[in-house]
$ cat start-v9.cif   # mmCIF, C-alpha atoms
data_entry
#
loop_
_atom_site.label_atom_id
_atom_site.label_comp_id
_atom_site.auth_asym_id
_atom_site.auth_seq_id
_atom_site.Cartn_x
_atom_site.Cartn_y
_atom_site.Cartn_z
CA MET I 325 81.14 67.63 24.40
CA THR I 326 80.08 65.90 27.59
CA SER I 327 79.68 62.24 28.44
CA ARG I 328 77.00 61.85 25.76
CA LYS I 329 78.23 59.39 23.15
CA ALA I 330 78.95 61.18 19.88
CA LEU I 331 76.92 60.13 16.85
CA ILE I 332 78.19 60.65 13.30
CA ALA I 333 75.49 59.88 10.72
CA GLY I 334 76.12 59.84 6.97
CA ASN I 335 73.03 60.71 4.90
CA TRP I 336 73.64 59.44 1.37
CA LYS I 337 70.43 61.03 0.06
CA MET I 338 69.66 59.93 -3.53
CA PHE I 339 73.18 58.71 -4.28
CA LYS I 340 74.72 55.25 -4.70
CA THR I 341 73.21 52.30 -6.54
CA ILE I 342 73.06 48.95 -4.74
CA PRO I 343 76.51 47.86 -6.04
CA GLU I 344 77.98 51.26 -5.16
CA ALA I 345 76.46 51.13 -1.67
CA VAL I 346 77.79 47.62 -1.08
CA ASP I 347 81.28 48.61 -2.27
CA PHE I 348 81.29 51.70 -0.07
CA ALA I 349 80.01 49.82 2.98
CA THR I 350 82.66 47.15 2.45
CA ALA I 351 85.42 49.75 2.29
CA LEU I 352 84.00 51.63 5.28
CA ARG I 353 83.90 48.45 7.34
CA LYS I 354 87.59 47.82 6.58
CA ALA I 355 88.49 51.41 7.42
CA LEU I 356 86.57 51.39 10.73
CA THR I 357 87.42 48.00 12.16
CA SER I 358 87.15 49.49 15.63
CA LEU I 359 85.82 52.76 16.98
CA PRO I 360 86.77 54.72 20.08
CA PRO I 361 84.24 54.25 22.89
CA HIS I 362 83.00 57.84 22.57
CA VAL I 363 81.79 57.54 18.95
CA GLU I 364 78.85 55.84 17.23
CA VAL I 365 78.59 55.70 13.42
CA VAL I 366 75.48 55.40 11.26
CA VAL I 367 74.98 55.38 7.49
CA ALA I 368 71.68 56.10 5.71
CA PRO I 369 71.61 54.55 2.21
CA PRO I 370 68.71 54.87 -0.24
CA SER I 371 65.88 52.49 0.62
CA VAL I 372 66.68 49.95 -2.12
CA ALA I 373 70.19 49.58 -0.70
CA LEU I 374 69.26 49.27 2.98
CA LEU I 375 69.26 45.48 3.27
CA PRO I 376 72.44 44.78 1.26
CA THR I 377 74.24 47.55 3.14
CA ALA I 378 73.07 46.17 6.49
CA GLN I 379 74.24 42.69 5.46
CA VAL I 380 77.72 44.02 4.67
CA LEU I 381 77.85 45.88 8.00
CA GLU I 382 76.47 43.05 10.13
CA SER I 383 78.56 42.75 13.32
CA ALA I 384 80.54 45.86 12.31
CA PRO I 385 80.48 48.91 14.62
CA ILE I 386 78.36 50.80 12.08
CA ALA I 387 74.56 51.04 12.25
CA VAL I 388 72.14 51.55 9.36
CA SER I 389 69.43 54.21 9.10
CA GLY I 390 66.48 54.83 6.84
CA GLN I 391 66.18 58.23 5.18
CA ASN I 392 62.41 58.41 5.50
CA VAL I 393 59.39 56.46 6.76
CA TYR I 394 55.62 56.43 6.46
CA PRO I 395 53.77 56.34 9.80
CA ALA I 396 51.90 53.06 9.28
CA ASN I 397 53.11 49.48 9.44
CA GLU I 398 51.24 48.47 6.29
CA GLY I 399 48.54 49.70 3.95
CA ALA I 400 47.69 51.11 0.53
CA PHE I 401 50.46 53.73 0.46
CA THR I 402 52.14 53.18 -2.88
CA GLY I 403 55.85 53.90 -2.89
CA GLU I 404 56.18 54.28 0.87
CA ILE I 405 58.23 52.30 3.41
CA SER I 406 57.01 51.35 6.89
CA PRO I 407 58.80 51.16 10.24
CA THR I 408 58.47 47.36 10.23
CA MET I 409 60.06 47.24 6.75
CA LEU I 410 62.94 49.40 7.94
CA LYS I 411 63.50 47.17 10.95
CA ALA I 412 63.40 44.01 8.81
CA ALA I 413 65.97 45.61 6.47
CA GLY I 414 68.39 46.06 9.37
CA CYS I 415 67.73 49.66 10.38
CA SER I 416 68.10 50.83 13.95
CA TYR I 417 67.77 54.54 13.05
CA CYS I 418 65.68 56.63 10.67
CA ILE I 419 65.96 60.28 9.60
CA VAL I 420 62.71 62.26 9.80
CA GLY I 421 61.80 65.89 9.18
CA HIS I 422 64.82 66.56 6.96
CA SER I 423 64.71 70.02 5.40
CA GLU I 424 64.46 68.48 1.93
CA ARG I 425 61.39 66.47 2.96
CA ARG I 426 59.82 69.58 4.48
CA GLN I 427 60.67 71.76 1.45
CA TYR I 428 60.09 69.48 -1.54
CA PHE I 429 57.42 67.16 -0.13
CA HIS I 430 55.64 69.71 2.08
CA GLU I 431 55.88 67.65 5.26
CA THR I 432 54.33 69.39 8.24
CA ASP I 433 55.41 69.38 11.87
CA ALA I 434 52.37 67.24 12.70
CA PHE I 435 53.24 64.66 10.04
CA VAL I 436 56.84 64.52 11.25
CA ARG I 437 55.59 63.83 14.77
CA GLU I 438 53.51 60.92 13.44
CA LYS I 439 56.68 59.48 11.91
CA VAL I 440 58.57 59.85 15.19
CA ASP I 441 55.75 58.08 17.03
CA ALA I 442 55.68 55.23 14.52
CA LEU I 443 59.45 54.72 14.73
CA LEU I 444 59.49 54.74 18.53
CA ALA I 445 56.71 52.16 18.57
CA GLU I 446 58.90 49.89 16.44
CA GLY I 447 62.04 50.45 18.53
CA ILE I 448 63.81 52.51 15.86
CA THR I 449 65.65 55.66 16.95
CA PRO I 450 64.44 58.77 15.11
CA ILE I 451 67.00 61.32 13.95
CA PHE I 452 64.64 64.29 14.11
CA CYS I 453 65.70 67.26 11.94
CA ILE I 454 64.87 70.90 12.50
CA GLY I 455 66.30 74.11 11.07
CA GLU I 456 65.64 77.56 9.67
CA SER I 457 66.05 79.12 6.23
CA LEU I 458 68.24 82.13 5.42
CA ALA I 459 65.18 84.39 5.23
CA GLN I 460 63.97 83.17 8.61
CA ARG I 461 67.39 83.70 10.16
CA GLN I 462 67.68 87.22 8.71
CA ALA I 463 64.23 87.99 10.11
CA ASN I 464 65.43 86.91 13.58
CA GLU I 465 62.94 84.04 13.61
CA THR I 466 65.48 81.28 14.33
CA PHE I 467 64.65 80.61 17.97
CA SER I 468 60.88 80.96 17.65
CA LEU I 469 60.79 78.63 14.64
CA LEU I 470 63.04 76.02 16.26
CA SER I 471 60.99 76.16 19.44
CA THR I 472 57.82 75.49 17.41
CA GLN I 473 59.41 72.60 15.53
CA LEU I 474 60.86 71.11 18.71
CA ASN I 475 57.64 71.38 20.68
CA ALA I 476 55.59 69.85 17.86
CA THR I 477 57.46 66.57 18.34
CA PHE I 478 58.41 66.66 22.04
CA ALA I 479 55.21 68.02 23.61
CA ASN I 480 53.28 65.58 25.83
CA ARG I 481 56.04 62.98 25.90
CA ASP I 482 57.45 61.36 29.00
CA ARG I 483 61.14 61.57 29.76
CA GLU I 484 61.83 58.01 28.68
CA GLN I 485 60.46 58.61 25.19
CA ALA I 486 62.18 61.97 24.86
CA GLU I 487 65.56 60.44 25.60
CA GLN I 488 65.15 57.99 22.71
CA ILE I 489 65.00 60.79 20.11
CA VAL I 490 68.13 62.21 18.50
CA ILE I 491 67.81 65.84 17.35
CA ALA I 492 69.66 67.11 14.28
CA TYR I 493 69.90 70.89 13.85
CA GLU I 494 70.42 71.66 10.17
CA PRO I 495 70.51 75.37 9.32
CA ILE I 496 69.08 75.37 5.80
CA TRP I 497 70.85 78.68 5.14
CA ALA I 498 74.24 76.96 5.60
CA ILE I 499 73.62 74.16 3.10
CA GLY I 500 74.74 74.90 -0.45
CA THR I 501 74.23 78.67 -0.10
CA GLY I 502 77.78 79.93 0.30
CA HIS I 503 76.97 80.91 3.87
CA THR I 504 78.69 78.97 6.64
CA ALA I 505 77.64 78.55 10.23
CA THR I 506 80.54 79.04 12.60
CA PRO I 507 81.01 76.60 15.49
CA ALA I 508 79.94 79.43 17.81
CA GLN I 509 76.71 79.99 15.86
CA ALA I 510 75.97 76.28 15.91
CA GLN I 511 76.70 76.06 19.64
CA GLU I 512 74.39 78.99 20.35
CA VAL I 513 71.48 77.14 18.75
CA HIS I 514 72.36 73.79 20.35
CA ALA I 515 72.53 75.44 23.78
CA PHE I 516 69.11 77.01 23.15
CA LEU I 517 67.64 73.64 22.18
CA ARG I 518 69.04 71.97 25.30
CA GLN I 519 67.65 74.80 27.40
CA GLN I 520 64.21 74.19 25.88
CA LEU I 521 64.52 70.48 26.68
CA ASP I 522 65.55 71.38 30.23
CA HIS I 523 62.38 73.47 30.64
CA SER I 524 60.23 70.60 29.37
CA PHE I 525 61.87 67.55 30.91
CA GLY I 526 64.40 68.69 33.51
CA ALA I 527 68.17 68.87 33.46
CA ASP I 528 68.88 65.13 33.64
CA THR I 529 66.87 64.30 30.53
CA ALA I 530 68.10 67.38 28.67
CA GLN I 531 71.68 66.27 29.30
CA ARG I 532 70.99 62.78 27.93
CA ILE I 533 69.45 63.82 24.59
CA ARG I 534 71.94 64.01 21.75
CA ILE I 535 71.83 67.03 19.44
CA LEU I 536 73.68 66.70 16.13
CA TYR I 537 74.78 69.48 13.80
CA GLY I 538 73.99 69.16 10.10
CA GLY I 539 75.10 72.17 8.08
CA SER I 540 77.88 71.48 5.58
CA VAL I 541 79.96 69.32 7.93
CA LYS I 542 83.39 68.66 6.43
CA PRO I 543 86.74 67.24 7.53
CA ASP I 544 88.10 70.76 8.01
CA ASN I 545 85.40 71.91 10.44
CA ILE I 546 84.44 68.77 12.37
CA ASP I 547 87.10 69.16 15.08
CA ASP I 548 86.03 72.71 15.97
CA LEU I 549 82.35 71.74 15.90
CA MET I 550 82.91 68.79 18.22
CA LYS I 551 84.72 71.01 20.74
CA GLN I 552 81.43 72.79 21.44
CA PRO I 553 79.81 71.60 24.68
CA ASP I 554 76.32 71.04 23.25
CA ILE I 555 77.23 69.55 19.86
CA ASP I 556 77.02 65.77 20.16
CA GLY I 557 77.79 64.73 16.62
CA ALA I 558 76.96 65.43 13.01
CA LEU I 559 74.47 64.62 10.29
CA VAL I 560 76.78 64.58 7.28
CA GLY I 561 75.61 64.98 3.69
CA GLY I 562 77.99 65.26 0.75
CA ALA I 563 81.11 64.52 2.79
CA SER I 564 79.67 61.13 3.77
CA LEU I 565 79.74 59.96 0.13
CA LYS I 566 83.53 59.82 -0.04
CA LEU I 567 85.38 57.30 2.09
CA ASP I 568 88.37 59.44 3.07
CA SER I 569 86.32 62.45 4.09
CA PHE I 570 83.78 60.44 6.08
CA VAL I 571 86.46 58.43 7.88
CA ARG I 572 88.20 61.70 8.79
CA ILE I 573 84.94 63.12 10.17
CA VAL I 574 84.30 59.96 12.20
CA SER I 575 87.87 60.24 13.51
CA PHE I 576 87.37 63.79 14.82
CA GLN I 577 89.67 65.03 17.53
CA SER I 578 87.67 65.13 20.73
CA PRO I 579 88.38 67.77 23.40
CA ALA I 580 89.85 65.02 25.58
CA ALA I 581 92.26 63.90 22.86
#
$ encode --input "start-v9.cif" --output "structure tokens"
Amino acid sequence: MTSRKALIAGNWKMFKTIPEAVDFATALRKALTSLPPHVEVVVAPPSVALLPTAQVLESAPIAVSGQNVYPANEGAFTGEISPTMLKAAGCSYCIVGHSERRQYFHETDAFVREKVDALLAEGITPIFCIGESLAQRQANETFSLLSTQLNATFANRDREQAEQIVIAYEPIWAIGTGHTATPAQAQEVHAFLRQQLDHSFGADTAQRIRILYGGSVKPDNIDDLMKQPDIDGALVGGASLKLDSFVRIVSFQSPAA
């Protein structure tokens, strides 16, 4: 890793009731009373638990993220949550384009871009997810697909906007399939993504944008992942639901350690 500040984000998905989220956040706050200067931590509770979680973590070195957003500040969109609602609930981040949203809710690249735009307008940092399926990887479509997904959100942006977006590469084929991406495989994709950003925005901006890895991150692989030069953190799923495992991931051994 370079001088980019590492970001470890825990995506709780559809787990934890409000009391469970509050209890976990309370325990996490006690466990992470201080963080090394090279690490930033974010948790993404279900929407009903955002505000109480943010209240527990107020003034703690742990930020709160939404898991999803609708690209309008208000309107007749039953069941949706707006960027202004996220901000009022204490969110400074929001996950968009997650593979589960793309797969189960048929979200398109264009719709994901709308979400990114809406979040940026509200001053919320998007954690923008991209990734390929096993079939796409086996068909050697990884780089062309990722390039399409990346360009759909980053095209026609200025450098200042681009630098506000966090990218999360999540190989769908390495999530719950029995297949595992090696640190070298992950680094290969991250290096490709940074190269694409370099072509679009120049080296300075490409070096400022953080690219997280999100494929079955666990305590036993985080150290090796974080040794890769273009991996700037992790979007953690199941391992973020247990205090010990998430604290261990946050406490990864950096190359400088």
$ residues_around --input "start-v9.cif" --residues "Leu359 in chain I" --least-positions-apart "5" --cutoff "10 Å" --atoms "all atoms listed in the file" --output "ChimeraX atom specification"
/I:364-365,384-386,574-575
$ resolve_selection --input "start-v9.cif" --expression "the PyMOL selection byres ((chain I and resi 404-406) around 9)" --output "list in words"
Ser371, Asn392, Val393, Tyr394, Pro395, Ala396, Asn397, Glu398, Phe401, Thr402, Gly403, Pro407, Thr408, Met409, Leu410, Lys411, Ala442 and Leu443 of chain I
$ residues_around --input "start-v9.cif" --residues "Gly455 in chain I" --least-positions-apart "5" --cutoff "9 Å" --atoms "only C-alpha atoms" --output "number ranges by chain"
I: 422-423, 466, 469-470, 473, 492-497
$ atom_distance --input "start-v9.cif" --atom1 "CA of Leu567 in chain I" --atom2 "CA of Ala368 in chain I"
14.2 Å
$ atom_distance --input "start-v9.cif" --atom1 "CA of Leu536 in chain I" --atom2 "CA of Leu458 in chain I"
19.6 Å
$ atom_distance --input "start-v9.cif" --atom1 "CA of Ile342 in chain I" --atom2 "CA of Ile491 in chain I"
28.3 Å
$ resolve_selection --input "start-v9.cif" --expression "the PyMOL selection byres ((chain I and resi 571) around 12)" --output "PyMOL selection string"
chain I and resi 332-334+348-349+351-359+365-367+386+542-543+546+560+563-570+572-576
$ closest_residue --input "start-v9.cif" --among "I:Pro553, I:Gly421, I:Pro343, I:Pro360" --to "Leu474 in chain I" --atoms "only C-alpha atoms"
I:Gly421
$ residues_around --input "start-v9.cif" --residues "Asn475 in chain I" --least-positions-apart "2" --cutoff "12 Å" --atoms "all atoms listed in the file" --output "ChimeraX atom specification"
/I:433-434,436-437,452,454,467-473,477-481,486,517,520-521,523-525
$ write_last_selection --input "start-v9.cif" --atoms "C-alpha atoms" --output "short mmCIF file (atom, residue, chain, number, x, y, z; two decimals), keeping the file's coordinate frame"
data_model
loop_
_atom_site.label_atom_id
_atom_site.label_comp_id
_atom_site.auth_asym_id
_atom_site.auth_seq_id
_atom_site.Cartn_x
_atom_site.Cartn_y
_atom_site.Cartn_z
CA ASP I 433 55.41 69.38 11.87
CA ALA I 434 52.37 67.24 12.70
CA VAL I 436 56.84 64.52 11.25
CA ARG I 437 55.59 63.83 14.77
CA PHE I 452 64.64 64.29 14.11
CA ILE I 454 64.87 70.90 12.50
CA PHE I 467 64.65 80.61 17.97
CA SER I 468 60.88 80.96 17.65
CA LEU I 469 60.79 78.63 14.64
CA LEU I 470 63.04 76.02 16.26
CA SER I 471 60.99 76.16 19.44
CA THR I 472 57.82 75.49 17.41
CA GLN I 473 59.41 72.60 15.53
CA THR I 477 57.46 66.57 18.34
CA PHE I 478 58.41 66.66 22.04
CA ALA I 479 55.21 68.02 23.61
CA ASN I 480 53.28 65.58 25.83
CA ARG I 481 56.04 62.98 25.90
CA ALA I 486 62.18 61.97 24.86
CA LEU I 517 67.64 73.64 22.18
CA GLN I 520 64.21 74.19 25.88
CA LEU I 521 64.52 70.48 26.68
CA HIS I 523 62.38 73.47 30.64
CA SER I 524 60.23 70.60 29.37
CA PHE I 525 61.87 67.55 30.91
#
$ closest_residue --input "start-v9.cif" --among "I:Glu446, I:Glu465, I:Glu424, I:Asp556" --to "Asn335 in chain I" --atoms "all atoms listed in the file"
I:Glu424
$ closest_residue --input "start-v9.cif" --among "I:Val420, I:Met338, I:Ile555, I:Ile489" --to "Phe516 in chain I" --atoms "all atoms listed in the file"
I:Ile555
$ build_atoms --input "start-v9.cif" --residues "range 376-412 of chain I" --atoms "N, CA and C atoms" --output "PDB file, in the coordinates of the input"
ATOM      1  N   PRO I 376      71.077  45.214   1.595  1.00  0.00           N
ATOM      2  CA  PRO I 376      72.440  44.780   1.260  1.00  0.00           C
ATOM      3  C   PRO I 376      73.519  45.525   2.039  1.00  0.00           C
ATOM      4  N   THR I 377      73.272  46.799   2.341  1.00  0.00           N
ATOM      5  CA  THR I 377      74.240  47.550   3.140  1.00  0.00           C
ATOM      6  C   THR I 377      74.290  46.992   4.564  1.00  0.00           C
ATOM      7  N   ALA I 378      73.122  46.726   5.135  1.00  0.00           N
ATOM      8  CA  ALA I 378      73.070  46.170   6.490  1.00  0.00           C
ATOM      9  C   ALA I 378      73.737  44.799   6.547  1.00  0.00           C
ATOM     10  N   GLN I 379      73.604  44.015   5.495  1.00  0.00           N
ATOM     11  CA  GLN I 379      74.240  42.690   5.460  1.00  0.00           C
ATOM     12  C   GLN I 379      75.757  42.822   5.457  1.00  0.00           C
ATOM     13  N   VAL I 380      76.274  43.785   4.700  1.00  0.00           N
ATOM     14  CA  VAL I 380      77.720  44.020   4.670  1.00  0.00           C
ATOM     15  C   VAL I 380      78.219  44.461   6.051  1.00  0.00           C
ATOM     16  N   LEU I 381      77.409  45.278   6.734  1.00  0.00           N
ATOM     17  CA  LEU I 381      77.850  45.880   8.000  1.00  0.00           C
ATOM     18  C   LEU I 381      77.447  45.066   9.227  1.00  0.00           C
ATOM     19  N   GLU I 382      76.870  43.886   9.009  1.00  0.00           N
ATOM     20  CA  GLU I 382      76.470  43.050  10.130  1.00  0.00           C
ATOM     21  C   GLU I 382      77.671  42.736  11.026  1.00  0.00           C
ATOM     22  N   SER I 383      77.532  42.937  12.292  1.00  0.00           N
ATOM     23  CA  SER I 383      78.560  42.750  13.320  1.00  0.00           C
ATOM     24  C   SER I 383      79.677  43.796  13.263  1.00  0.00           C
ATOM     25  N   ALA I 384      79.588  44.741  12.331  1.00  0.00           N
ATOM     26  CA  ALA I 384      80.540  45.860  12.310  1.00  0.00           C
ATOM     27  C   ALA I 384      80.043  46.952  13.256  1.00  0.00           C
ATOM     28  N   PRO I 385      80.917  47.853  13.694  1.00  0.00           N
ATOM     29  CA  PRO I 385      80.480  48.910  14.620  1.00  0.00           C
ATOM     30  C   PRO I 385      79.840  50.083  13.885  1.00  0.00           C
ATOM     31  N   ILE I 386      79.002  49.770  12.902  1.00  0.00           N
ATOM     32  CA  ILE I 386      78.360  50.800  12.080  1.00  0.00           C
ATOM     33  C   ILE I 386      76.887  50.416  11.927  1.00  0.00           C
ATOM     34  N   ALA I 387      75.994  51.304  12.343  1.00  0.00           N
ATOM     35  CA  ALA I 387      74.560  51.040  12.250  1.00  0.00           C
ATOM     36  C   ALA I 387      74.007  51.579  10.935  1.00  0.00           C
ATOM     37  N   VAL I 388      72.793  51.145  10.606  1.00  0.00           N
ATOM     38  CA  VAL I 388      72.140  51.550   9.360  1.00  0.00           C
ATOM     39  C   VAL I 388      70.858  52.307   9.681  1.00  0.00           C
ATOM     40  N   SER I 389      70.598  53.354   8.893  1.00  0.00           N
ATOM     41  CA  SER I 389      69.430  54.210   9.100  1.00  0.00           C
ATOM     42  C   SER I 389      68.630  54.330   7.809  1.00  0.00           C
ATOM     43  N   GLY I 390      67.315  54.434   7.953  1.00  0.00           N
ATOM     44  CA  GLY I 390      66.480  54.830   6.840  1.00  0.00           C
ATOM     45  C   GLY I 390      66.580  56.337   6.642  1.00  0.00           C
ATOM     46  N   GLN I 391      66.207  56.796   5.456  1.00  0.00           N
ATOM     47  CA  GLN I 391      66.180  58.230   5.180  1.00  0.00           C
ATOM     48  C   GLN I 391      64.791  58.823   5.353  1.00  0.00           C
ATOM     49  N   ASN I 392      63.787  57.959   5.440  1.00  0.00           N
ATOM     50  CA  ASN I 392      62.410  58.410   5.500  1.00  0.00           C
ATOM     51  C   ASN I 392      61.540  57.231   5.923  1.00  0.00           C
ATOM     52  N   VAL I 393      60.319  57.515   6.356  1.00  0.00           N
ATOM     53  CA  VAL I 393      59.390  56.460   6.760  1.00  0.00           C
ATOM     54  C   VAL I 393      57.971  56.971   6.613  1.00  0.00           C
ATOM     55  N   TYR I 394      57.031  56.058   6.429  1.00  0.00           N
ATOM     56  CA  TYR I 394      55.620  56.430   6.460  1.00  0.00           C
ATOM     57  C   TYR I 394      55.048  55.925   7.782  1.00  0.00           C
ATOM     58  N   PRO I 395      54.219  56.715   8.458  1.00  0.00           N
ATOM     59  CA  PRO I 395      53.770  56.340   9.800  1.00  0.00           C
ATOM     60  C   PRO I 395      52.628  55.331   9.837  1.00  0.00           C
ATOM     61  N   ALA I 396      52.836  54.193   9.196  1.00  0.00           N
ATOM     62  CA  ALA I 396      51.900  53.060   9.280  1.00  0.00           C
ATOM     63  C   ALA I 396      52.705  51.810   9.003  1.00  0.00           C
ATOM     64  N   ASN I 397      52.338  50.710   9.633  1.00  0.00           N
ATOM     65  CA  ASN I 397      53.110  49.480   9.440  1.00  0.00           C
ATOM     66  C   ASN I 397      52.777  48.760   8.147  1.00  0.00           C
ATOM     67  N   GLU I 398      51.588  49.014   7.601  1.00  0.00           N
ATOM     68  CA  GLU I 398      51.240  48.470   6.290  1.00  0.00           C
ATOM     69  C   GLU I 398      50.033  49.226   5.771  1.00  0.00           C
ATOM     70  N   GLY I 399      49.713  49.039   4.498  1.00  0.00           N
ATOM     71  CA  GLY I 399      48.540  49.700   3.950  1.00  0.00           C
ATOM     72  C   GLY I 399      48.724  50.087   2.496  1.00  0.00           C
ATOM     73  N   ALA I 400      47.695  50.723   1.947  1.00  0.00           N
ATOM     74  CA  ALA I 400      47.690  51.110   0.530  1.00  0.00           C
ATOM     75  C   ALA I 400      48.351  52.477   0.385  1.00  0.00           C
ATOM     76  N   PHE I 401      49.674  52.495   0.561  1.00  0.00           N
ATOM     77  CA  PHE I 401      50.460  53.730   0.460  1.00  0.00           C
ATOM     78  C   PHE I 401      51.583  53.500  -0.547  1.00  0.00           C
ATOM     79  N   THR I 402      51.214  53.531  -1.810  1.00  0.00           N
ATOM     80  CA  THR I 402      52.140  53.180  -2.880  1.00  0.00           C
ATOM     81  C   THR I 402      53.438  53.984  -2.800  1.00  0.00           C
ATOM     82  N   GLY I 403      54.537  53.258  -2.859  1.00  0.00           N
ATOM     83  CA  GLY I 403      55.850  53.900  -2.890  1.00  0.00           C
ATOM     84  C   GLY I 403      56.446  54.202  -1.524  1.00  0.00           C
ATOM     85  N   GLU I 404      55.683  53.953  -0.463  1.00  0.00           N
ATOM     86  CA  GLU I 404      56.180  54.280   0.870  1.00  0.00           C
ATOM     87  C   GLU I 404      56.846  53.079   1.540  1.00  0.00           C
ATOM     88  N   ILE I 405      57.528  53.347   2.661  1.00  0.00           N
ATOM     89  CA  ILE I 405      58.230  52.300   3.410  1.00  0.00           C
ATOM     90  C   ILE I 405      57.869  52.439   4.885  1.00  0.00           C
ATOM     91  N   SER I 406      57.529  51.322   5.519  1.00  0.00           N
ATOM     92  CA  SER I 406      57.010  51.350   6.890  1.00  0.00           C
ATOM     93  C   SER I 406      58.114  51.124   7.916  1.00  0.00           C
ATOM     94  N   PRO I 407      57.824  51.440   9.183  1.00  0.00           N
ATOM     95  CA  PRO I 407      58.800  51.160  10.240  1.00  0.00           C
ATOM     96  C   PRO I 407      59.165  49.675  10.323  1.00  0.00           C
ATOM     97  N   THR I 408      58.183  48.796  10.152  1.00  0.00           N
ATOM     98  CA  THR I 408      58.470  47.360  10.230  1.00  0.00           C
ATOM     99  C   THR I 408      59.376  46.924   9.072  1.00  0.00           C
ATOM    100  N   MET I 409      59.187  47.536   7.896  1.00  0.00           N
ATOM    101  CA  MET I 409      60.060  47.240   6.750  1.00  0.00           C
ATOM    102  C   MET I 409      61.487  47.700   7.028  1.00  0.00           C
ATOM    103  N   LEU I 410      61.607  48.883   7.604  1.00  0.00           N
ATOM    104  CA  LEU I 410      62.940  49.400   7.940  1.00  0.00           C
ATOM    105  C   LEU I 410      63.640  48.465   8.922  1.00  0.00           C
ATOM    106  N   LYS I 411      62.902  48.040   9.942  1.00  0.00           N
ATOM    107  CA  LYS I 411      63.500  47.170  10.950  1.00  0.00           C
ATOM    108  C   LYS I 411      63.932  45.842  10.334  1.00  0.00           C
ATOM    109  N   ALA I 412      63.077  45.282   9.459  1.00  0.00           N
ATOM    110  CA  ALA I 412      63.400  44.010   8.810  1.00  0.00           C
ATOM    111  C   ALA I 412      64.594  44.144   7.861  1.00  0.00           C
TER     112      ALA I 412
END
